[in-house]
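K.L.:
Contents are CSV, C-alpha atoms; file name protein_2.csv:
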```
chain,number,residue,atom,x,y,z
A,1007,LEU,CA,-19.4,260.6,211.9
A,1008,PRO,CA,-17.3,259.5,208.8
A,1009,SER,CA,-18.6,256.0,209.0
A,1010,ARG,CA,-22.0,254.3,209.5
A,1011,CYS,CA,-23.3,253.1,212.8
A,1012,ARG,CA,-25.2,249.8,213.0
A,1013,GLY,CA,-28.9,250.5,212.4
A,1014,ASN,CA,-30.6,249.8,215.7
A,1015,CYS,CA,-27.9,251.7,217.6
A,1016,TRP,CA,-29.4,254.9,216.2
A,1017,ILE,CA,-32.8,254.0,217.6
A,1018,LEU,CA,-32.1,255.9,220.8
A,1019,PRO,CA,-34.5,255.5,223.7
A,1020,GLU,CA,-35.9,259.0,223.8
A,1021,ARG,CA,-36.5,259.3,227.5
A,1022,ALA,CA,-33.1,257.9,228.4
A,1023,MET,CA,-31.3,260.2,226.0
A,1024,ILE,CA,-33.1,263.3,227.3
A,1025,ALA,CA,-32.3,262.2,230.9
A,1026,PHE,CA,-28.6,262.2,230.0
A,1027,TRP,CA,-28.9,265.6,228.4
A,1028,ARG,CA,-30.6,267.0,231.5
A,1029,SER,CA,-28.3,265.4,234.1
A,1030,GLY,CA,-24.7,266.3,234.9
A,1031,HIS,CA,-21.8,264.2,233.9
A,1032,ARG,CA,-21.2,263.4,237.6
A,1033,SER,CA,-24.7,262.1,238.1
A,1034,PRO,CA,-25.3,258.5,239.2
A,1035,GLU,CA,-27.0,257.8,235.8
A,1036,PHE,CA,-24.0,258.8,233.7
A,1037,THR,CA,-21.5,257.3,236.1
A,1038,ALA,CA,-23.3,254.0,235.7
A,1039,LEU,CA,-23.3,254.3,231.9
A,1040,LEU,CA,-19.6,255.1,231.8
A,1041,ASN,CA,-18.7,252.3,234.1
A,1042,GLU,CA,-20.9,249.8,232.1
A,1043,SER,CA,-19.2,251.0,228.9
A,1044,THR,CA,-15.8,250.4,230.4
A,1045,SER,CA,-16.8,246.9,231.6
A,1046,LEU,CA,-18.3,246.0,228.2
A,1047,LEU,CA,-15.0,247.0,226.5
A,1048,ARG,CA,-13.0,245.0,229.0
A,1049,ASP,CA,-15.1,241.9,228.4
A,1050,ILE,CA,-15.1,242.3,224.6
A,1051,LEU,CA,-11.3,242.8,224.3
A,1052,GLU,CA,-10.5,240.6,227.4
A,1053,ILE,CA,-8.4,243.4,228.8
A,1054,PRO,CA,-6.1,242.2,231.7
A,1055,ASP,CA,-6.6,243.7,235.1
A,1056,ASN,CA,-3.3,245.6,235.0
A,1057,TYR,CA,-4.6,247.8,232.3
A,1058,ARG,CA,-6.7,251.0,232.6
A,1059,VAL,CA,-9.3,252.3,230.2
A,1060,LEU,CA,-9.5,256.0,229.7
A,1061,TRP,CA,-12.2,257.9,227.7
A,1062,MET,CA,-10.5,261.1,226.5
A,1063,ALA,CA,-11.3,264.3,224.6
A,1064,GLY,CA,-9.8,265.2,221.3
A,1065,GLY,CA,-10.0,261.9,219.4
A,1066,ALA,CA,-7.0,260.1,218.1
A,1067,SER,CA,-5.0,263.1,216.9
A,1068,ALA,CA,-4.8,264.4,220.4
A,1069,GLN,CA,-2.8,261.3,221.3
A,1070,PHE,CA,-0.1,262.2,218.8
A,1071,SER,CA,1.1,264.6,221.5
A,1072,ALA,CA,-0.3,262.9,224.6
A,1073,ILE,CA,1.7,259.7,224.0
A,1074,PRO,CA,5.2,261.2,224.1
A,1075,LEU,CA,4.2,263.8,226.7
A,1076,ASN,CA,3.1,261.0,229.1
A,1077,LEU,CA,5.8,258.5,228.3
A,1078,ILE,CA,9.0,260.5,227.9
A,1079,ALA,CA,11.2,261.1,230.9
A,1080,ASN,CA,14.1,263.2,229.6
A,1081,LYS,CA,15.2,265.1,226.5
A,1082,ASP,CA,17.6,262.3,225.4
A,1083,ASP,CA,15.0,259.6,225.3
A,1084,GLU,CA,14.6,257.9,221.9
A,1085,VAL,CA,11.5,256.3,220.5
A,1086,ASP,CA,10.8,254.1,217.4
A,1087,TYR,CA,8.1,254.9,214.9
A,1088,ILE,CA,7.1,252.6,212.1
A,1089,VAL,CA,5.8,254.8,209.4
A,1090,THR,CA,3.5,253.1,206.9
A,1091,GLY,CA,1.3,256.0,205.9
A,1092,SER,CA,-0.1,259.5,206.6
A,1093,TRP,CA,-1.2,258.9,210.2
A,1094,SER,CA,1.9,257.3,211.5
A,1095,LYS,CA,3.9,260.0,209.7
A,1096,LEU,CA,1.9,262.8,211.4
A,1097,ALA,CA,2.3,261.1,214.8
A,1098,ALA,CA,6.1,260.8,214.3
A,1099,LYS,CA,6.4,264.5,213.4
A,1100,GLU,CA,4.5,265.5,216.5
A,1101,ALA,CA,6.7,263.3,218.7
A,1102,GLU,CA,9.8,265.0,217.3
A,1103,LYS,CA,8.8,268.1,219.3
A,1104,TYR,CA,9.4,266.2,222.6
A,1105,CYS,CA,12.1,263.5,221.9
A,1106,LYS,CA,14.4,261.9,219.4
A,1107,VAL,CA,12.4,259.8,216.8
A,1108,ASN,CA,14.0,256.9,215.0
A,1109,TYR,CA,12.1,256.2,211.8
A,1110,ILE,CA,11.9,252.4,211.2
A,1111,LEU,CA,10.9,253.0,207.6
A,1112,PRO,CA,12.5,255.7,205.4
A,1113,SER,CA,10.3,258.7,204.5
A,1114,THR,CA,8.5,258.1,201.2
A,1115,THR,CA,5.7,259.4,199.2
A,1116,SER,CA,4.4,255.9,198.5
A,1117,TYR,CA,3.4,253.4,201.1
A,1118,THR,CA,2.6,249.9,199.9
A,1119,SER,CA,3.2,247.4,202.8
A,1120,ALA,CA,3.7,246.8,206.4
A,1121,PRO,CA,7.5,246.3,207.3
A,1122,GLY,CA,9.1,242.9,207.0
A,1123,GLU,CA,11.5,241.2,209.5
A,1124,GLU,CA,14.6,242.8,208.0
A,1125,GLU,CA,13.2,246.3,208.3
A,1126,LEU,CA,12.1,245.7,211.9
A,1127,LYS,CA,15.7,244.9,212.8
A,1128,LYS,CA,16.3,248.7,212.8
A,1129,MET,CA,14.4,248.9,216.1
A,1130,ASN,CA,16.2,250.3,219.1
A,1131,PRO,CA,16.1,247.8,222.0
A,1132,SER,CA,16.5,250.7,224.5
A,1133,ALA,CA,13.7,252.9,223.0
A,1134,LYS,CA,11.1,254.2,225.4
A,1135,TYR,CA,8.4,252.8,223.2
A,1136,LEU,CA,7.7,251.4,219.7
A,1137,TYR,CA,4.8,253.1,217.8
A,1138,TYR,CA,2.8,252.0,214.8
A,1139,CYS,CA,-0.6,252.6,213.2
A,1140,ASP,CA,-2.4,249.3,212.8
A,1141,ASN,CA,-4.4,250.5,209.8
A,1142,GLU,CA,-3.6,253.4,207.5
A,1143,THR,CA,-6.9,254.6,206.0
A,1144,VAL,CA,-5.4,256.8,203.3
A,1145,VAL,CA,-3.4,254.2,201.5
A,1146,GLY,CA,-5.1,251.1,202.8
A,1147,VAL,CA,-2.2,249.4,204.6
A,1148,GLU,CA,-3.0,247.2,207.5
A,1149,PHE,CA,-0.7,245.1,209.7
A,1150,PRO,CA,-1.6,241.4,209.4
A,1151,HIS,CA,-0.1,240.7,212.8
A,1152,VAL,CA,1.1,242.3,216.0
A,1153,VAL,CA,4.6,243.7,215.8
A,1154,ARG,CA,7.1,242.0,218.1
A,1155,SER,CA,8.8,244.5,220.3
A,1156,SER,CA,10.7,242.4,222.9
A,1157,SER,CA,10.9,244.5,226.1
A,1158,VAL,CA,10.0,247.8,224.6
A,1159,PRO,CA,6.4,249.0,225.3
A,1160,LEU,CA,4.3,248.7,222.1
A,1161,VAL,CA,2.1,251.7,221.4
A,1162,CYS,CA,-0.5,251.3,218.7
A,1163,ASP,CA,-3.1,253.6,217.0
A,1164,MET,CA,-6.0,251.3,216.2
A,1165,SER,CA,-8.5,254.1,215.3
A,1166,SER,CA,-9.7,252.7,212.0
A,1167,ASN,CA,-9.8,249.0,212.8
A,1168,PHE,CA,-10.6,249.0,216.5
A,1169,LEU,CA,-13.0,246.2,217.4
A,1170,SER,CA,-12.8,244.7,214.0
A,1171,ARG,CA,-10.8,241.6,215.2
A,1172,PRO,CA,-9.6,240.0,218.4
A,1173,VAL,CA,-6.5,241.7,219.9
A,1174,ASP,CA,-4.1,240.3,222.6
A,1175,VAL,CA,-4.0,243.5,224.7
A,1176,SER,CA,-1.3,242.0,226.9
A,1177,LYS,CA,1.2,242.5,224.0
A,1178,PHE,CA,0.8,246.2,224.1
A,1179,GLY,CA,1.8,249.0,226.4
A,1180,VAL,CA,-0.8,251.4,225.0
A,1181,ILE,CA,-3.7,250.9,222.5
A,1182,TYR,CA,-5.6,254.0,221.5
A,1183,GLY,CA,-8.0,255.2,218.9
A,1184,GLY,CA,-10.7,257.6,217.9
A,1185,VAL,CA,-14.2,256.1,218.1
A,1186,GLN,CA,-15.5,257.5,214.8
A,1187,LYS,CA,-14.9,254.5,212.5
A,1188,ASN,CA,-16.4,251.5,214.2
A,1189,ILE,CA,-18.0,252.8,217.4
A,1190,ALA,CA,-19.6,256.2,217.8
A,1191,PRO,CA,-19.7,259.9,216.6
A,1192,ALA,CA,-16.4,261.7,216.5
A,1193,GLY,CA,-14.9,263.7,219.4
A,1194,LEU,CA,-14.0,260.8,221.8
A,1195,GLY,CA,-10.8,258.8,222.1
A,1196,VAL,CA,-10.2,255.6,224.0
A,1197,VAL,CA,-6.9,254.8,225.6
A,1198,ILE,CA,-6.0,251.3,227.0
A,1199,ILE,CA,-2.8,251.6,228.9
A,1200,ARG,CA,-0.8,249.3,231.1
A,1201,GLU,CA,-0.8,250.6,234.7
A,1202,ASP,CA,3.0,250.9,235.1
A,1203,LEU,CA,3.1,253.3,232.2
A,1204,ILE,CA,0.7,255.8,233.8
A,1205,SER,CA,3.2,256.5,236.6
A,1206,THR,CA,6.1,257.2,234.2
A,1207,GLU,CA,8.2,260.2,235.1
A,1208,ARG,CA,7.5,263.0,232.5
A,1209,LEU,CA,10.0,265.5,231.0
A,1210,HIS,CA,7.4,268.1,229.8
A,1211,PRO,CA,4.4,269.5,231.6
A,1212,VAL,CA,1.3,267.7,230.4
A,1213,PRO,CA,-2.0,269.6,229.8
A,1214,ARG,CA,-4.6,268.5,232.4
A,1215,ILE,CA,-7.0,266.9,230.0
A,1216,PHE,CA,-4.2,264.9,228.3
A,1217,ASP,CA,-2.6,263.7,231.6
A,1218,PHE,CA,-3.2,260.0,231.8
A,1219,LYS,CA,-2.7,259.9,235.5
A,1220,LEU,CA,-5.2,262.7,236.2
A,1221,VAL,CA,-7.7,261.3,233.7
A,1222,ASP,CA,-7.5,257.9,235.3
A,1223,GLY,CA,-7.8,259.2,238.8
A,1224,ALA,CA,-11.0,261.1,237.8
A,1225,ASN,CA,-12.6,258.1,236.1
A,1226,SER,CA,-12.4,259.9,232.7
A,1227,CYS,CA,-14.4,262.8,234.1
A,1228,LEU,CA,-11.6,265.3,234.7
A,1229,ASN,CA,-13.5,267.6,232.4
A,1230,THR,CA,-17.0,267.2,231.0
A,1231,PRO,CA,-16.8,264.1,228.7
A,1232,ASN,CA,-18.5,263.6,225.4
A,1233,VAL,CA,-21.7,262.3,226.9
A,1234,PHE,CA,-23.6,261.6,223.7
A,1235,SER,CA,-20.6,259.7,222.1
A,1236,ILE,CA,-20.2,257.6,225.2
A,1237,TYR,CA,-23.9,256.9,225.2
A,1238,VAL,CA,-23.8,255.6,221.6
A,1239,THR,CA,-20.6,253.7,222.4
A,1240,ASN,CA,-22.5,251.9,225.1
A,1241,LEU,CA,-25.2,250.9,222.6
A,1242,VAL,CA,-22.6,249.7,220.0
A,1243,LEU,CA,-20.6,247.7,222.5
A,1244,LYS,CA,-23.8,245.9,223.5
A,1245,ASN,CA,-24.5,245.3,219.8
A,1246,ILE,CA,-21.1,243.8,219.3
A,1247,VAL,CA,-21.7,241.3,222.2
A,1248,GLN,CA,-25.1,240.4,220.8
A,1249,SER,CA,-23.6,239.9,217.3
A,1250,GLY,CA,-21.1,237.4,218.4
A,1251,GLY,CA,-18.1,239.5,219.5
A,1252,LEU,CA,-14.9,240.2,217.7
A,1253,LYS,CA,-14.6,236.7,216.2
A,1254,TYR,CA,-17.7,237.5,214.2
A,1255,TYR,CA,-16.4,240.9,213.1
A,1256,ALA,CA,-13.1,239.5,212.0
A,1257,GLU,CA,-14.8,236.9,209.8
A,1258,PHE,CA,-17.3,239.6,208.6
A,1259,SER,CA,-14.6,242.1,207.6
A,1260,ALA,CA,-12.6,239.5,205.9
A,1261,GLN,CA,-15.6,238.4,203.8
A,1262,LYS,CA,-16.4,241.9,202.8
A,1263,SER,CA,-12.9,242.9,201.8
A,1264,LYS,CA,-12.3,239.7,200.0
A,1265,MET,CA,-15.3,240.3,197.8
A,1266,LEU,CA,-13.8,243.6,196.6
A,1267,TYR,CA,-10.3,242.4,196.2
A,1268,ASP,CA,-11.5,239.4,194.2
A,1269,VAL,CA,-13.2,241.8,191.8
A,1270,ILE,CA,-10.0,243.8,191.5
A,1271,GLU,CA,-7.8,240.8,190.9
A,1272,GLY,CA,-10.3,239.4,188.4
A,1273,SER,CA,-10.5,242.5,186.3
A,1274,ALA,CA,-7.4,241.8,184.1
A,1275,GLY,CA,-5.8,245.0,185.3
A,1276,PHE,CA,-8.7,247.3,184.8
A,1277,TYR,CA,-8.7,247.8,188.5
A,1278,SER,CA,-5.5,247.7,190.4
A,1279,CYS,CA,-4.5,247.9,194.1
A,1280,LYS,CA,-1.0,249.1,194.8
A,1281,ILE,CA,-0.8,247.5,198.2
A,1282,GLU,CA,1.0,244.2,198.7
A,1283,LYS,CA,-1.5,241.4,199.2
A,1284,ASP,CA,-0.4,240.5,202.8
A,1285,SER,CA,-0.8,244.2,203.9
A,1286,ARG,CA,-4.1,245.0,202.3
A,1287,SER,CA,-6.6,246.6,204.6
A,1288,ARG,CA,-9.9,245.0,205.5
A,1289,MET,CA,-11.3,248.4,206.4
A,1290,ASN,CA,-10.2,250.6,203.5
A,1291,VAL,CA,-9.9,249.0,200.0
A,1292,THR,CA,-8.0,251.3,197.7
A,1293,PHE,CA,-7.8,250.9,194.0
A,1294,VAL,CA,-7.2,252.9,190.8
A,1295,LEU,CA,-8.7,252.6,187.3
A,1296,PRO,CA,-6.6,253.0,184.0
A,1297,SER,CA,-6.7,256.8,184.2
A,1298,PRO,CA,-7.8,259.6,186.5
A,1299,GLU,CA,-10.6,260.3,184.0
A,1300,LYS,CA,-11.8,256.8,184.4
A,1301,ASP,CA,-11.6,257.2,188.2
A,1302,ALA,CA,-13.8,260.3,188.0
A,1303,GLU,CA,-16.3,258.6,185.7
A,1304,PHE,CA,-16.5,255.5,188.0
A,1305,ILE,CA,-17.1,257.7,191.1
A,1306,LYS,CA,-19.8,259.8,189.3
A,1307,GLY,CA,-21.6,256.6,188.2
A,1308,ALA,CA,-21.3,255.2,191.7
A,1309,THR,CA,-22.8,258.3,193.3
A,1310,GLU,CA,-25.7,258.2,190.9
A,1311,ARG,CA,-26.4,254.7,192.2
A,1312,GLY,CA,-26.2,255.8,195.9
A,1313,LEU,CA,-22.7,254.5,196.4
A,1314,VAL,CA,-21.0,257.5,198.0
A,1315,GLY,CA,-17.7,258.3,199.6
A,1316,LEU,CA,-15.6,256.4,197.1
A,1317,LYS,CA,-13.2,259.1,196.1
A,1318,GLY,CA,-9.7,258.4,197.2
A,1319,HIS,CA,-7.9,260.7,199.6
A,1320,ARG,CA,-6.6,263.9,197.8
A,1321,SER,CA,-3.0,263.0,198.6
A,1322,VAL,CA,-3.2,259.7,196.6
A,1323,GLY,CA,-6.2,259.9,194.3
A,1324,GLY,CA,-7.9,256.9,192.9
A,1325,CYS,CA,-10.8,255.2,194.8
A,1326,ARG,CA,-11.3,254.1,198.3
A,1327,ALA,CA,-14.1,251.9,199.7
A,1328,SER,CA,-14.2,252.2,203.5
A,1329,ILE,CA,-16.1,249.2,204.8
A,1330,TYR,CA,-16.2,249.6,208.5
A,1331,ASN,CA,-18.1,247.3,210.9
A,1332,ALA,CA,-21.5,248.8,210.2
A,1333,VAL,CA,-21.3,248.5,206.4
A,1334,THR,CA,-23.4,245.5,205.5
A,1335,LEU,CA,-22.6,242.6,203.2
A,1336,SER,CA,-25.4,243.9,200.9
A,1337,ASP,CA,-23.7,247.3,200.6
A,1338,VAL,CA,-20.5,245.7,199.5
A,1339,GLU,CA,-22.3,243.4,197.1
A,1340,LYS,CA,-23.8,246.4,195.4
A,1341,LEU,CA,-20.4,248.0,195.0
A,1342,ALA,CA,-18.9,244.8,193.7
A,1343,ASP,CA,-21.7,244.4,191.2
A,1344,TYR,CA,-21.2,248.0,190.0
A,1345,MET,CA,-17.5,247.5,189.6
A,1346,ILE,CA,-18.1,244.5,187.4
A,1347,HIS,CA,-20.7,246.3,185.4
A,1348,PHE,CA,-18.5,249.4,184.9
A,1349,LYS,CA,-15.5,247.3,183.8
A,1350,ASN,CA,-17.7,245.3,181.3
A,1351,ARG,CA,-19.0,248.5,179.9
A,1352,ASN,CA,-15.6,249.9,179.3
```
Show the structure stored in the file as structure tokens.
P.N.:
Amino acid sequence: LPSRCRGNCWILPERAMIAFWRSGHRSPEFTALLNESTSLLRDILEIPDNYRVLWMAGGASAQFSAIPLNLIANKDDEVDYIVTGSWSKLAAKEAEKYCKVNYILPSTTSYTSAPGEEELKKMNPSAKYLYYCDNETVVGVEFPHVVRSSSVPLVCDMSSNFLSRPVDVSKFGVIYGGVQKNIAPAGLGVVIIREDLISTERLHPVPRIFDFKLVDGANSCLNTPNVFSIYVTNLVLKNIVQSGGLKYYAEFSAQKSKMLYDVIEGSAGFYSCKIEKDSRSRMNVTFVLPSPEKDAEFIKGATERGLVGLKGHRSVGGCRASIYNAVTLSDVEKLADYMIHFKNRN
């Protein structure tokens, strides 16, 4: 679990958890839990009736292959990929194995923003789908709005900002994500897909556990599902409802990220964020200090104060504060205070 889970969600009812460990995944108890989790997610996201919810193995990375395998009908099909960071780039490279990929943004080693209207004019109106990653964790780029895709099905990886703000599901053909940022332990993926896309003719044979039609027909129990992760998911979804839903989390994430970005902007250049302001992530605040040596000194001091996990991804360096849903305002205040303290001391 690379992120925190809200406190009381880890206080697991011992007898209930043991019951799930001892009972089969086709037992009435687990079926009830799974169906309740699906119902909770539908209510929270206001998922329309013509969409299906699939709980799948392999997390989000498995969907890099599953998406084109399930949605591509012939070898000449073209798809559009908006590449804004490492994860969308990996997904596009995987899709190239199965179809022709049109890159909306040119390949680059530096990603600093979501695309503007001019760049989006490169979209192919006859593409089988348009793909993007809503939040790129490595660089800290987040789309401030839903991409307009006209009649082309919109496919979106929301792994790292899933359930952090309201989403109009009806604008998408497929929404998917791994649960390990804002919901539950790693190893489980959720796919929300429009019904008509499940019955799409496929060019390539699809492995059973990644076949949307088979998984849907088996109520996500085609193989043994990740029972523990679904159990925790159920607890977290209930907590989201009790906390005030996605409107609450949208305001909460905006408040937390603003606190850190304000420190960065008010540091007279001591801290700098390379991401354009309208594309800055609410989940992953990335920044650098005047030198790599200062980055290392900052991270060492933070670790000594119990502020861990601040080292930036190895591909970009610098610092990264991942402030997912379960990270409290107090946690972020401690980091902001330390940033101010460190800057004043240097």
K.L.:
Tell me which of A:Leu1313, A:Ala1192, A:Ile1199, A:Ile1204 sits closest to Phe1234 in chain A, counting all atoms listed in the file.
P.N.:
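Under the stated criterion, the closest residue is A:Ala1192.
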K.L.:
Ranking A:Asn1076, A:Gln1248, A:Ser1176, A:Ser1071 by minimum distance to Ala1101 in chain A and counting only C-alpha atoms, which one comes first?
P.N.:
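That would be A:Ser1071, the residue with the smallest distance to Ala1101 in chain A.
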K.L.:
Using only C-alpha atoms, find each residue in range 1125-1148 of chain A having at least one atom no more than 6 Å away from range 1087-1099 of chain A; report its shortest atom-to-atom pair and that distance in Å (one decimal), rows by chain then rising number, as CSV.
P.N.:
```
residue,atom,partner,partner_atom,distance
A:Leu1136,CA,A:Tyr1087,CA,6.0
A:Tyr1137,CA,A:Tyr1087,CA,4.7
A:Tyr1138,CA,A:Ile1088,CA,5.1
A:Cys1139,CA,A:Ser1094,CA,5.6
A:Glu1142,CA,A:Gly1091,CA,5.8
```
K.L.:
Env of Arg1048 in chain A: 12 Å cut, atoms = all atoms listed in the file, seq-sep filter 3 positions within chain, self excluded. Answer as a count of residues only.
P.N.:
22
K.L.:
Could you make a table, as a Markdown table, of the residues of range 1135-1198 of chain A that have an atom within 12 Å of an atom of range 1279-1282 of chain A, each with its nearest atom pair and distance in Å to one decimal, counting all atoms listed in the file, in chain and number order?
P.N.:
```
| residue | atom | partner | partner_atom | distance |
| --- | --- | --- | --- | --- |
| A:Glu1142 | CA | A:Ile1281 | CA | 11.4 |
| A:Val1144 | CA | A:Ile1281 | CA | 11.6 |
| A:Val1145 | CA | A:Ile1281 | CA | 7.9 |
| A:Gly1146 | CA | A:Ile1281 | CA | 7.3 |
| A:Val1147 | CA | A:Ile1281 | CA | 6.8 |
| A:Glu1148 | CA | A:Ile1281 | CA | 9.6 |
| A:Phe1149 | CA | A:Glu1282 | CA | 11.2 |
| A:Pro1150 | CA | A:Glu1282 | CA | 11.4 |
```
K.L.:
How far is it from CA of Ser1328 in chain A to CA of Lys1283 in chain A, in Å with one decimal?
P.N.:
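One can read the CA of Ser1328 in chain A to CA of Lys1283 in chain A distance as 17.2 Å.
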